[in-house]
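Visitor: Input start_6.cif, format and content: mmCIF, C-alpha atoms.
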```cif
data_data
loop_
_atom_site.label_atom_id
_atom_site.label_comp_id
_atom_site.auth_asym_id
_atom_site.auth_seq_id
_atom_site.Cartn_x
_atom_site.Cartn_y
_atom_site.Cartn_z
CA TYR A 102 15.98 -9.67 -71.95
CA ILE A 103 16.41 -6.13 -73.22
CA GLN A 104 12.75 -5.29 -72.70
CA VAL A 105 12.73 -6.65 -69.14
CA ALA A 106 15.91 -4.71 -68.34
CA GLN A 107 14.27 -1.54 -69.61
CA LEU A 108 11.21 -2.34 -67.53
CA GLY A 109 13.28 -2.90 -64.38
CA ARG A 110 14.97 0.44 -64.93
CA ALA A 111 11.71 2.28 -65.57
CA LEU A 112 10.00 0.80 -62.51
CA THR A 113 12.94 1.62 -60.24
CA ALA A 114 13.12 5.16 -61.59
CA ASP A 115 9.40 5.49 -60.83
CA GLY A 116 9.92 4.50 -57.21
CA PHE A 117 9.09 0.80 -57.29
CA TYR A 118 11.32 -1.78 -55.62
CA VAL A 119 12.16 -4.65 -57.97
CA ALA A 120 12.19 -8.17 -56.52
CA THR A 121 13.00 -11.26 -58.58
CA GLY A 122 13.89 -14.91 -58.25
CA GLY A 123 17.52 -13.82 -58.39
CA GLY A 124 18.62 -16.10 -61.20
CA PRO A 125 19.67 -15.58 -64.82
CA GLY A 126 17.51 -14.65 -67.82
CA ALA A 127 14.57 -12.32 -67.20
CA MET A 128 15.34 -12.32 -63.48
CA GLU A 129 18.83 -10.99 -64.11
CA ALA A 130 17.46 -8.49 -66.62
CA ALA A 131 15.07 -6.97 -64.07
CA ASN A 132 17.79 -6.69 -61.42
CA LEU A 133 20.15 -5.21 -64.03
CA GLY A 134 17.54 -2.60 -64.94
CA ALA A 135 17.18 -1.62 -61.30
CA TRP A 136 20.98 -1.42 -60.90
CA MET A 137 21.24 0.90 -63.91
CA ALA A 138 18.34 3.17 -62.93
CA PRO A 139 20.54 5.92 -61.39
CA HIS A 140 22.65 6.08 -64.56
CA PRO A 141 21.75 7.83 -67.84
CA PRO A 142 19.47 5.86 -70.23
CA GLU A 143 22.30 5.28 -72.70
CA ALA A 144 24.31 3.55 -69.99
CA LEU A 145 21.83 0.67 -69.99
CA ASP A 146 22.35 0.20 -73.73
CA GLN A 147 26.10 0.15 -73.19
CA ALA A 148 25.78 -2.34 -70.34
CA LEU A 149 23.62 -4.59 -72.50
CA SER A 150 26.32 -4.54 -75.18
CA VAL A 151 28.88 -5.69 -72.62
CA LEU A 152 26.60 -8.47 -71.36
CA ALA A 153 25.94 -9.65 -74.92
CA GLY A 154 29.47 -11.04 -74.85
CA ALA A 155 28.22 -13.79 -72.56
CA SER A 156 24.54 -14.13 -73.37
CA ALA A 157 24.22 -17.57 -71.73
CA PHE A 158 25.12 -18.39 -68.14
CA GLU A 159 27.32 -21.28 -69.21
CA PRO A 160 30.23 -21.20 -68.87
CA VAL A 161 29.50 -19.49 -65.57
CA GLY A 162 32.92 -17.83 -65.40
CA GLU A 163 32.39 -15.80 -68.57
CA TRP A 164 28.82 -14.90 -67.56
CA LEU A 165 30.00 -13.63 -64.17
CA ASP A 166 33.01 -11.80 -65.60
CA THR A 167 30.86 -9.70 -67.93
CA ALA A 168 28.37 -8.97 -65.14
CA PHE A 169 31.11 -7.83 -62.77
CA GLU A 170 32.54 -5.69 -65.58
CA VAL A 171 29.18 -3.91 -65.82
CA ARG A 172 29.10 -3.42 -62.05
CA ALA A 173 32.61 -1.96 -62.12
CA ARG A 174 31.91 0.41 -65.01
CA TRP A 175 28.59 1.61 -63.58
CA PRO A 176 28.86 1.30 -59.80
CA GLN A 177 26.23 2.37 -57.31
CA ALA A 178 26.55 6.12 -56.89
CA GLU A 179 25.56 5.71 -53.26
CA PRO A 180 24.06 2.90 -51.18
CA GLY A 181 20.38 2.41 -51.83
CA LEU A 182 20.27 3.85 -55.32
CA GLY A 183 19.40 1.14 -57.82
CA SER A 184 18.66 -1.38 -55.08
CA SER A 185 16.69 -4.54 -55.78
CA LEU A 186 16.07 -7.94 -54.26
CA GLY A 187 17.02 -11.35 -55.60
CA VAL A 188 15.74 -14.53 -53.97
CA PRO A 189 17.42 -17.53 -55.61
CA THR A 190 16.96 -21.08 -54.40
CA TRP A 191 19.22 -24.02 -53.71
CA HIS A 192 16.73 -26.23 -55.53
CA TYR A 193 17.83 -25.26 -59.03
CA GLY A 194 21.56 -25.87 -58.92
CA HIS A 195 21.86 -25.14 -62.63
CA GLU A 196 20.64 -21.55 -62.11
CA PRO A 197 23.39 -19.42 -60.58
CA PRO A 198 22.40 -16.19 -58.79
CA ASN A 199 22.87 -13.00 -60.77
CA VAL A 200 25.11 -10.27 -59.36
CA PHE A 201 22.86 -7.24 -59.94
CA ALA A 202 20.53 -7.74 -56.97
CA THR A 203 21.83 -5.62 -54.10
CA GLU A 204 19.96 -7.63 -51.48
CA ILE A 205 19.91 -11.42 -51.64
CA ALA A 206 17.88 -13.99 -49.71
CA LYS A 207 18.26 -17.74 -50.03
CA TYR A 208 15.65 -20.46 -49.55
CA PHE A 209 16.15 -24.19 -49.57
CA ALA A 210 12.54 -24.94 -50.60
CA ASN A 211 11.53 -23.48 -53.94
CA SER A 212 7.81 -23.41 -53.18
CA ILE A 213 8.37 -21.32 -50.04
CA ARG A 214 10.69 -19.01 -51.95
CA GLU A 215 8.08 -18.39 -54.64
CA ASP A 216 5.24 -17.98 -52.17
CA GLY A 217 7.29 -15.49 -50.17
CA LEU A 218 8.21 -13.40 -53.21
CA LEU A 219 4.59 -13.23 -54.31
CA ALA A 220 3.44 -12.37 -50.79
CA ILE A 221 5.59 -9.23 -50.62
CA ALA A 222 4.74 -8.10 -54.16
CA LEU A 223 1.68 -6.08 -53.14
CA ALA A 224 2.42 -3.43 -55.77
CA GLY A 225 2.04 -6.08 -58.45
CA VAL A 226 3.72 -8.94 -60.27
CA ILE A 227 4.84 -8.84 -63.89
CA PHE A 228 5.03 -12.18 -65.64
CA ALA A 229 7.48 -12.29 -68.54
CA PRO A 230 7.38 -15.27 -70.91
CA GLY A 231 8.60 -18.34 -69.04
CA SER A 232 8.27 -22.05 -68.59
CA ALA A 233 6.83 -24.34 -65.91
CA GLY A 234 8.26 -22.41 -62.97
CA THR A 235 6.76 -19.14 -64.16
CA ILE A 236 3.39 -20.76 -64.81
CA GLN A 237 3.44 -22.24 -61.31
CA GLU A 238 4.05 -18.75 -59.92
CA VAL A 239 1.15 -17.38 -61.96
CA PHE A 240 -1.27 -19.73 -60.25
CA GLN A 241 0.32 -19.23 -56.82
CA ASP A 242 -0.22 -15.49 -57.22
CA ALA A 243 -3.74 -16.06 -58.51
CA ALA A 244 -4.56 -18.16 -55.45
CA GLN A 245 -3.27 -15.43 -53.13
CA ASN A 246 -5.41 -12.89 -54.95
CA HIS A 247 -8.43 -15.15 -55.31
CA TYR A 248 -8.67 -15.67 -51.56
CA GLU A 249 -7.20 -12.25 -50.67
CA SER A 250 -4.67 -14.02 -48.45
CA PHE A 251 -2.96 -10.78 -47.45
CA GLY A 252 -6.01 -8.57 -47.15
CA LYS A 253 -5.78 -7.04 -50.60
CA VAL A 254 -5.35 -8.02 -54.21
CA SER A 255 -2.20 -7.15 -56.12
CA PRO A 256 -1.99 -6.43 -59.86
CA MET A 257 -1.09 -9.30 -62.18
CA VAL A 258 0.48 -8.02 -65.40
CA PHE A 259 1.44 -10.23 -68.33
CA LEU A 260 4.19 -9.06 -70.67
CA ASP A 261 3.72 -10.27 -74.28
CA ILE A 262 0.05 -10.72 -75.12
CA GLU A 263 0.61 -13.26 -77.90
CA TYR A 264 2.71 -15.48 -75.65
CA TRP A 265 0.23 -15.56 -72.78
CA THR A 266 -2.90 -15.87 -74.93
CA SER A 267 -1.71 -18.23 -77.69
CA VAL A 268 1.68 -19.85 -77.02
CA LYS A 269 0.90 -20.65 -73.37
CA PRO A 270 -2.71 -19.48 -73.01
CA ILE A 271 -2.76 -18.90 -69.27
CA TYR A 272 -4.18 -15.38 -69.44
CA PRO A 273 -7.65 -16.37 -70.73
CA VAL A 274 -7.93 -18.97 -67.94
CA LEU A 275 -7.15 -16.32 -65.34
CA GLN A 276 -9.65 -13.91 -66.88
CA TYR A 277 -12.28 -16.59 -66.42
CA LEU A 278 -11.21 -17.34 -62.83
CA ALA A 279 -11.11 -13.67 -61.88
CA ALA A 280 -14.29 -12.59 -63.66
CA ASP A 281 -16.33 -12.12 -60.47
CA LYS A 282 -13.43 -11.37 -58.13
CA PRO A 283 -11.72 -8.07 -57.21
CA TYR A 284 -8.43 -9.13 -58.79
CA GLY A 285 -10.19 -9.24 -62.14
CA ASP A 286 -9.92 -5.44 -62.12
CA VAL A 287 -6.12 -5.54 -61.77
CA LEU A 288 -5.45 -8.36 -64.23
CA THR A 289 -4.06 -7.15 -67.54
CA ALA A 290 -1.58 -7.78 -70.38
CA PHE A 291 0.63 -5.51 -72.45
CA ASP A 292 3.29 -5.73 -75.15
CA ASP A 293 5.17 -2.56 -74.19
CA ILE A 294 6.77 -1.37 -70.97
CA GLU A 295 5.35 2.16 -70.80
CA PRO A 296 1.73 1.07 -70.23
CA ILE A 297 2.91 -1.42 -67.61
CA VAL A 298 4.57 1.33 -65.59
CA ASP A 299 1.54 3.60 -66.04
CA PHE A 300 -0.84 0.84 -64.99
CA LEU A 301 1.08 -0.08 -61.85
CA THR A 302 1.53 3.55 -60.92
CA ALA A 303 -2.23 4.09 -61.20
CA GLN A 304 -2.85 1.17 -58.82
CA ARG A 305 -0.75 2.64 -55.98
#
```
Turn this file's structure into structure tokens for me.

Guide:
Amino acid sequence: YIQVAQLGRALTADGFYVATGGGPGAMEAANLGAWMAPHPPEALDQALSVLAGASAFEPVGEWLDTAFEVRARWPQAEPGLGSSLGVPTWHYGHEPPNVFATEIAKYFANSIREDGLLAIALAGVIFAPGSAGTIQEVFQDAAQNHYESFGKVSPMVFLDIEYWTSVKPIYPVLQYLAADKPYGDVLTAFDDIEPIVDFLTAQR
């Protein structure tokens, strides 16, 4: 969570627009990072300390209270600064939307929601460790890139090399699929956030 929040902040500060599935966990962390981008670096550490008081989204009341406390202590300096998108779905009723996305869209069908998010992510998609939903999105993005559905390929970046090569070894499969395709040149994996930002910046 901390690493993804730092990544969301770094990407926003570098001029990227963060878009997530709008829910808790890594999605919340990325939106939080974007929200905190206009504030000093130490403010993110302080915000994370506040949020640690309700590290799970159940009970929802406590989770929301700590999030709104962060928003109140570090408000948007002006509209547009620290903006990000969250696109939650009705499908997963157990996943409440996080409050750090400044723009929110809502889809009834999860597959359309995921396809739409991936379609607009032409600057790249970063895949943090996740479960079945994340893996589904990996292959949806790969299909868009494989067939160049939107006229170009977008970077696919995997955060946590060990996770994506050993725990859930999706990355080697994609390397094989992309070996003779243009998106093979923008497929990569890192353990740290700095090279991710550098890599995506170089692909602009």

Visitor: Could you tell me how far atom CA of A:Phe209 lies from atom CA of A:Ala120, in Å and to one decimal?

Guide: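 Distance reported for this atom pair: 17.9 Å.
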
Visitor: Calculate how many Å separate atom CA of A:Asp293 from atom CA of A:Gln107, rounding to one decimal.

Guide: 10.2 Å

Visitor: Using Å and a single decimal, report how far atom CA of A:Val258 sits from atom CA of A:Leu278.

Guide: 15.2 Å

Visitor: Taking only C-alpha atoms into account, name the residue in A:Leu186, A:Ala111, A:Val254, A:Ala243 that is nearest to A:Val274.

Guide: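 Closest candidate: A:Ala243.
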
Visitor: What does the PyMOL selection byres ((chain A and resi 247) around 12) select in this file, as an MDAnalysis selection string?

Guide: chainID A and resid 239:246 248:257 275:288

Visitor: Which residue gives the smallest distance to A:Phe228 among A:Ala114, A:Ala135, A:Ala206, A:Ile262, with all atoms listed in the file counted?

Guide: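 Of the candidates, the smallest distance to A:Phe228 is held by A:Ile262.
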